[in-house]
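Engineer: Structure: upload_24.tsv, TSV, C-alpha atoms.
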chain	number	residue	atom	x	y	z
A	1	MET	CA	56.62	121.19	69.13
A	2	ARG	CA	53.76	123.25	70.49
A	3	VAL	CA	51.89	121.95	73.53
A	4	LEU	CA	48.58	123.02	75.04
A	5	LEU	CA	48.76	122.50	78.81
A	6	VAL	CA	45.33	122.46	80.48
A	7	GLU	CA	45.80	122.55	84.27
A	8	ASP	CA	43.97	124.62	86.90
A	9	ASP	CA	46.38	123.86	89.75
A	10	ARG	CA	48.86	126.75	89.60
A	11	MET	CA	51.70	124.89	91.31
A	12	ILE	CA	51.43	121.82	89.08
A	13	GLY	CA	50.90	123.93	85.97
A	14	ALA	CA	53.95	126.11	86.62
A	15	ALA	CA	56.14	123.06	87.25
A	16	VAL	CA	54.98	121.26	84.09
A	17	GLN	CA	55.27	124.42	82.01
A	18	GLN	CA	58.87	124.89	83.14
A	19	ALA	CA	59.74	121.24	82.50
A	20	LEU	CA	58.26	121.42	79.00
A	21	SER	CA	60.08	124.66	78.23
A	22	ASP	CA	63.34	123.12	79.45
A	23	ALA	CA	62.69	120.20	77.06
A	24	ALA	CA	62.38	122.64	74.11
A	25	TYR	CA	58.57	122.64	73.81
A	26	ALA	CA	56.59	125.81	73.12
A	27	VAL	CA	53.87	125.83	75.80
A	28	ASP	CA	50.48	127.54	76.03
A	29	TRP	CA	48.90	127.13	79.47
A	30	THR	CA	45.16	127.41	80.11
A	31	THR	CA	43.44	127.00	83.46
A	32	ASP	CA	39.78	126.30	82.58
A	33	GLY	CA	37.87	124.16	80.14
A	34	GLU	CA	36.32	126.98	78.12
A	35	GLN	CA	39.68	128.61	77.43
A	36	ALA	CA	41.21	125.22	76.65
A	37	LEU	CA	38.55	124.34	74.07
A	38	ALA	CA	38.82	127.75	72.41
A	39	ALA	CA	42.62	127.51	72.23
A	40	ALA	CA	42.62	123.95	70.88
A	41	LEU	CA	40.17	124.88	68.12
A	42	ALA	CA	41.98	128.09	67.16
A	43	GLN	CA	45.61	126.93	67.19
A	44	ALA	CA	47.38	123.91	65.74
A	45	TYR	CA	49.00	121.92	68.55
A	46	ASP	CA	51.22	118.86	68.40
A	47	VAL	CA	49.89	117.51	71.70
A	48	VAL	CA	47.40	118.46	74.44
A	49	LEU	CA	47.91	117.69	78.15
A	50	LEU	CA	44.39	117.72	79.60
A	51	ASP	CA	43.36	117.73	83.25
A	52	LEU	CA	39.81	116.55	83.96
A	53	GLY	CA	38.68	118.50	87.03
A	54	LEU	CA	38.52	121.94	85.41
A	55	PRO	CA	36.47	125.10	86.10
A	56	LEU	CA	33.73	126.16	83.63
A	57	ARG	CA	33.92	123.01	81.50
A	58	ASP	CA	35.02	119.55	82.61
A	59	GLY	CA	37.99	117.98	80.86
A	60	ILE	CA	35.90	115.04	79.65
A	61	ASP	CA	33.59	117.48	77.89
A	62	VAL	CA	36.58	119.28	76.34
A	63	LEU	CA	37.81	115.92	75.04
A	64	ARG	CA	34.36	115.00	73.74
A	65	GLN	CA	33.98	118.35	71.92
A	66	LEU	CA	37.43	118.15	70.34
A	67	ARG	CA	36.90	114.65	69.00
A	68	ALA	CA	33.36	115.51	67.83
A	69	ARG	CA	34.88	118.33	65.76
A	70	ASN	CA	37.32	115.86	64.21
A	71	ALA	CA	40.39	117.27	65.99
A	72	HIS	CA	43.17	114.71	65.47
A	73	VAL	CA	45.67	116.23	67.90
A	74	PRO	CA	47.17	113.70	70.35
A	75	ILE	CA	45.57	114.17	73.79
A	76	LEU	CA	47.02	112.91	77.06
A	77	ILE	CA	44.71	113.04	80.06
A	78	VAL	CA	46.75	114.07	83.13
A	79	THR	CA	44.58	113.79	86.22
A	80	ALA	CA	44.18	112.61	89.80
A	81	ARG	CA	41.00	110.70	88.90
A	82	ASP	CA	42.15	107.12	89.27
A	83	GLU	CA	38.87	105.22	89.04
A	84	VAL	CA	38.83	102.57	86.33
A	85	GLU	CA	35.56	104.02	84.99
A	86	ASP	CA	37.20	107.42	84.47
A	87	ARG	CA	40.12	105.87	82.60
A	88	ILE	CA	37.81	103.83	80.39
A	89	ALA	CA	35.64	106.86	79.64
A	90	GLY	CA	38.64	109.01	78.72
A	91	LEU	CA	40.20	106.41	76.45
A	92	ASP	CA	36.88	105.51	74.82
A	93	LEU	CA	36.24	109.19	74.04
A	94	GLY	CA	39.50	109.42	72.13
A	95	ALA	CA	42.32	110.17	74.57
A	96	ASP	CA	45.65	108.74	73.44
A	97	ASP	CA	46.99	108.08	76.94
A	98	TYR	CA	45.98	108.47	80.58
A	99	VAL	CA	48.54	109.68	83.15
A	100	LEU	CA	47.77	109.69	86.86
A	101	LYS	CA	48.94	112.37	89.30
A	102	PRO	CA	51.40	112.46	90.91
A	103	PHE	CA	53.61	111.63	87.95
A	104	ASP	CA	57.27	111.73	87.07
A	105	VAL	CA	57.96	114.51	84.56
A	106	GLN	CA	60.41	112.39	82.57
A	107	GLU	CA	57.75	109.69	82.16
A	108	LEU	CA	55.26	112.31	81.02
A	109	LEU	CA	57.74	113.56	78.41
A	110	ALA	CA	58.34	109.99	77.23
A	111	ARG	CA	54.61	109.37	76.89
A	112	MET	CA	54.26	112.61	74.90
A	113	ARG	CA	57.02	111.55	72.53
A	114	ALA	CA	55.36	108.16	72.10
A	115	VAL	CA	51.92	109.50	71.17
A	116	VAL	CA	53.42	112.03	68.75
A	117	ARG	CA	55.40	109.23	67.07
A	118	ARG	CA	52.27	107.13	66.73
A	119	GLN	CA	50.39	110.12	65.32
A	120	GLY	CA	53.10	110.41	62.68
A	121	GLY	CA	52.73	106.72	61.83
A	122	SER	CA	56.01	105.56	63.36
A	123	ALA	CA	56.94	103.70	66.53
A	124	ALA	CA	60.66	104.32	66.03
A	125	PRO	CA	62.32	106.49	68.72
A	126	LEU	CA	64.15	108.66	66.16
A	127	LEU	CA	62.64	111.19	63.79
A	128	THR	CA	64.20	110.79	60.37
A	129	ASN	CA	63.73	111.59	56.72
A	130	GLY	CA	66.38	109.09	55.64
A	131	ARG	CA	69.25	111.59	55.73
A	132	ILE	CA	68.71	113.43	59.01
A	133	ALA	CA	68.02	111.58	62.27
A	134	LEU	CA	66.86	113.44	65.37
A	135	ASP	CA	66.83	111.96	68.87
A	136	PRO	CA	64.11	113.67	70.97
A	137	VAL	CA	65.63	112.32	74.20
A	138	THR	CA	69.21	113.58	73.80
A	139	ARG	CA	68.40	116.47	71.40
A	140	GLU	CA	71.16	115.25	69.10
A	141	ALA	CA	70.93	115.26	65.32
A	142	ALA	CA	72.84	113.15	62.83
A	143	PHE	CA	73.24	114.01	59.17
A	144	GLU	CA	74.58	111.23	56.95
A	145	GLY	CA	76.10	109.54	60.02
A	146	ARG	CA	77.68	112.57	61.69
A	147	GLY	CA	76.08	113.43	65.04
A	148	VAL	CA	75.98	116.83	66.76
A	149	PRO	CA	74.12	118.34	69.75
A	150	LEU	CA	71.54	121.06	69.08
A	151	SER	CA	70.40	123.98	71.19
A	152	ALA	CA	66.84	123.82	72.53
A	153	ARG	CA	65.43	126.07	69.82
A	154	GLU	CA	67.47	124.50	67.04
A	155	PHE	CA	66.02	121.18	68.15
A	156	ALA	CA	62.46	122.60	68.21
A	157	LEU	CA	62.77	123.98	64.69
A	158	LEU	CA	64.32	120.85	63.19
A	159	GLN	CA	61.77	118.67	64.96
A	160	ALA	CA	58.93	120.69	63.42
A	161	LEU	CA	60.37	120.11	59.95
A	162	LEU	CA	61.07	116.40	60.50
A	163	LEU	CA	57.55	115.75	61.74
A	164	ARG	CA	56.41	116.70	58.23
A	165	PRO	CA	59.23	115.86	55.79
A	166	GLY	CA	58.61	117.32	52.37
A	167	ALA	CA	56.13	119.91	53.70
A	168	ILE	CA	57.12	123.56	53.42
A	169	LEU	CA	56.65	125.43	56.70
A	170	SER	CA	56.38	129.21	56.70
A	171	ARG	CA	58.15	131.56	59.07
A	172	GLN	CA	54.97	131.91	61.14
A	173	GLU	CA	54.46	128.16	61.37
A	174	LEU	CA	58.03	127.65	62.55
A	175	GLU	CA	57.81	130.50	65.06
A	176	GLU	CA	54.64	128.91	66.48
A	177	ARG	CA	56.60	125.72	67.12
A	178	ILE	CA	59.34	127.63	68.94
A	179	TYR	CA	57.46	130.19	71.05
A	180	GLY	CA	54.48	129.99	73.41
A	181	TRP	CA	51.89	132.73	74.04
A	182	ASN	CA	53.89	134.79	76.52
A	183	GLU	CA	57.26	134.64	74.80
A	184	GLU	CA	58.53	137.49	72.64
A	185	VAL	CA	59.55	136.37	69.15
A	186	GLU	CA	63.09	137.48	68.39
A	187	SER	CA	63.72	139.21	65.07
A	188	ASN	CA	64.99	136.87	62.32
A	189	ILE	CA	65.11	133.96	64.77
A	190	VAL	CA	64.14	131.42	62.10
A	191	GLU	CA	67.04	132.42	59.84
A	192	VAL	CA	69.45	132.43	62.78
A	193	LEU	CA	68.43	128.93	63.88
A	194	ILE	CA	68.52	127.52	60.35
A	195	HIS	CA	71.97	129.01	59.85
A	196	GLY	CA	73.11	127.31	63.07
A	197	ILE	CA	71.63	123.94	62.05
A	198	ARG	CA	73.20	124.12	58.59
A	199	ARG	CA	76.54	125.02	60.13
A	200	LYS	CA	76.36	121.85	62.25
A	201	LEU	CA	74.74	119.46	59.76
A	202	GLY	CA	75.68	120.85	56.38
A	203	PRO	CA	74.19	123.40	53.96
A	204	THR	CA	71.76	120.93	52.37
A	205	ALA	CA	70.17	119.74	55.63
A	206	ILE	CA	67.34	122.30	55.36
A	207	ARG	CA	66.08	123.57	52.03
A	208	ASN	CA	64.75	127.10	51.48
A	209	VAL	CA	61.82	127.60	49.10
A	210	ARG	CA	62.14	131.28	48.28
A	211	GLY	CA	59.17	133.35	49.34
A	212	VAL	CA	57.38	130.38	50.89
A	213	GLY	CA	59.39	128.80	53.71
A	214	TRP	CA	61.68	125.89	54.56
A	215	CYS	CA	61.56	122.10	54.48
A	216	VAL	CA	63.58	118.94	54.86
A	217	ASP	CA	63.39	116.57	51.92
A	218	ARG	CA	61.19	113.52	52.09
A	219	ALA	CA	62.99	110.18	52.10
A	220	ALA	CA	63.52	108.85	48.59
Once you've parsed the file, please lay out its structure as structure tokens.
Structural biologist:
Amino acid sequence: MRVLLVEDDRMIGAAVQQALSDAAYAVDWTTDGEQALAAALAQAYDVVLLDLGLPLRDGIDVLRQLRARNAHVPILIVTARDEVEDRIAGLDLGADDYVLKPFDVQELLARMRAVVRRQGGSAAPLLTNGRIALDPVTREAAFEGRGVPLSAREFALLQALLLRPGAILSRQELEERIYGWNEEVESNIVEVLIHGIRRKLGPTAIRNVRGVGWCVDRAA
């Protein structure tokens, strides 16, 4: 999944960015509200982590602008503002969750997984299309009952497909779910990862639509 991290504190931002990368997320990090709004409107993200006390444009205004433009991306406010009025304002303006600093990174990751599940219309902890089941906590996949561990990037690619079963994702769309802004895209990485997933789960786990992209089948 691709995450927009909006955090002006360099120490906190670097720590969260590293934790997200270690958890197989592609991360774009912005440090002011103007850059955050521009990025969120230009790029498709699976979740936004939004601080409130930002330079140039306050986080509440970023949230208000995104929701006014009908952006449906899940947004978690991550802030030190602990007044009840701030929490109410953020949630009423369309935030999906409100996380107070200091926070435990594992709890933040769990909250991210929860809002993404709800966005996809499911409260179940596993992503599944009926044949493949993916556990975002352990990064293990099971195909027709047989479970195997995945590498971080194999997990990221399969997760992108399982979030939209039946939808065909192009090479560019898959690369955007694997790499952040400052990461160099490796040549043929999509084919390499799909080959690795098929080797572990079976040749029919991911379907190729020639000239268009790849998909996992929708549950019958």
Engineer: Kindly give the distance, in Å, that separates atom CA of A:Leu66 and atom CA of A:Ala36, rounded to a single decimal.
Structural biologist: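 A separation of 10.2 Å between them.
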Engineer: Let me make sure I understand: among A:Leu52, A:Leu193, A:Leu5, A:Leu127, which one has the smallest atom-to-atom distance to A:Ala19 if we use all atoms listed in the file?
Structural biologist: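 Result for the nearest residue to A:Ala19: A:Leu5.
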Engineer: For atom CA of A:Val185 and atom CA of A:Asp8, determine how far apart the two atoms are, in Å to one decimal place.
Structural biologist: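 That distance, rounded to one decimal, is 26.4 Å.
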Engineer: Report as a ChimeraX atom specification all protein, DNA and RNA residues lying within 9 Å of A:Gly145, evaluated on only C-alpha atoms, omitting residues in the same chain fewer than 2 positions from it.
Structural biologist: /A:131-133,142-143,147
Engineer: Can you tell me which residues surround stretch 72-80 of chain A at a distance of at most 6 Å, considering all atoms listed in the file, apart from same-chain residues fewer than 2 positions away, and format the answer as an mmCIF file with C-alpha atoms, keeping the file's coordinate frame?
Structural biologist:
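Result file is selection.cif:
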data_model
loop_
_atom_site.group_PDB
_atom_site.id
_atom_site.type_symbol
_atom_site.label_atom_id
_atom_site.label_comp_id
_atom_site.auth_asym_id
_atom_site.auth_seq_id
_atom_site.Cartn_x
_atom_site.Cartn_y
_atom_site.Cartn_z
ATOM 1 C CA VAL A 47 49.890 117.510 71.700
ATOM 2 C CA VAL A 48 47.400 118.460 74.440
ATOM 3 C CA LEU A 49 47.910 117.690 78.150
ATOM 4 C CA LEU A 50 44.390 117.720 79.600
ATOM 5 C CA ASP A 51 43.360 117.730 83.250
ATOM 6 C CA LEU A 52 39.810 116.550 83.960
ATOM 7 C CA ASP A 82 42.150 107.120 89.270
ATOM 8 C CA ALA A 95 42.320 110.170 74.570
ATOM 9 C CA ASP A 96 45.650 108.740 73.440
ATOM 10 C CA ASP A 97 46.990 108.080 76.940
ATOM 11 C CA TYR A 98 45.980 108.470 80.580
ATOM 12 C CA VAL A 99 48.540 109.680 83.150
ATOM 13 C CA LEU A 100 47.770 109.690 86.860
ATOM 14 C CA LYS A 101 48.940 112.370 89.300
#
Engineer: Can you work out which one of A:Leu126, A:Leu174, A:Val3, A:Leu91 has the shortest atom-to-atom distance to A:Arg67, counting only C-alpha atoms?
Structural biologist: A:Leu91
Engineer: From the list A:Ala23, A:Pro149, A:Leu4, A:Leu54, which residue is nearest A:Ala42 when using all atoms listed in the file?
Structural biologist: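 Under the stated criterion, the closest residue is A:Leu4.
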Engineer: Let me know the centre plus edge lengths, in Å and rounded to one decimal, of a box with edges along x, y and z that contains all listed atoms of stretch 143-152 of chain A and is padded by 6 Å on every side, as AutoDock Vina command-line options.
Structural biologist:
--center_x 72.3 --center_y 116.8 --center_z 64.7 --size_x 22.8 --size_y 26.4 --size_z 27.6
Engineer: Skipping near chain neighbours, those fewer than 4 positions away, what residues fall within 12 Å of stretch 200-214 of chain A using all atoms listed in the file, listed as a PyMOL selection string?
Structural biologist: chain A and resi 128-134+140-151+154-155+157-162+164-175+190-191+193-196+218
Engineer: So which one's closest to A:Val116, A:Asp46, A:Glu184, A:Glu85, A:Asp217? Using only C-alpha atoms, please.
Structural biologist: A:Asp46
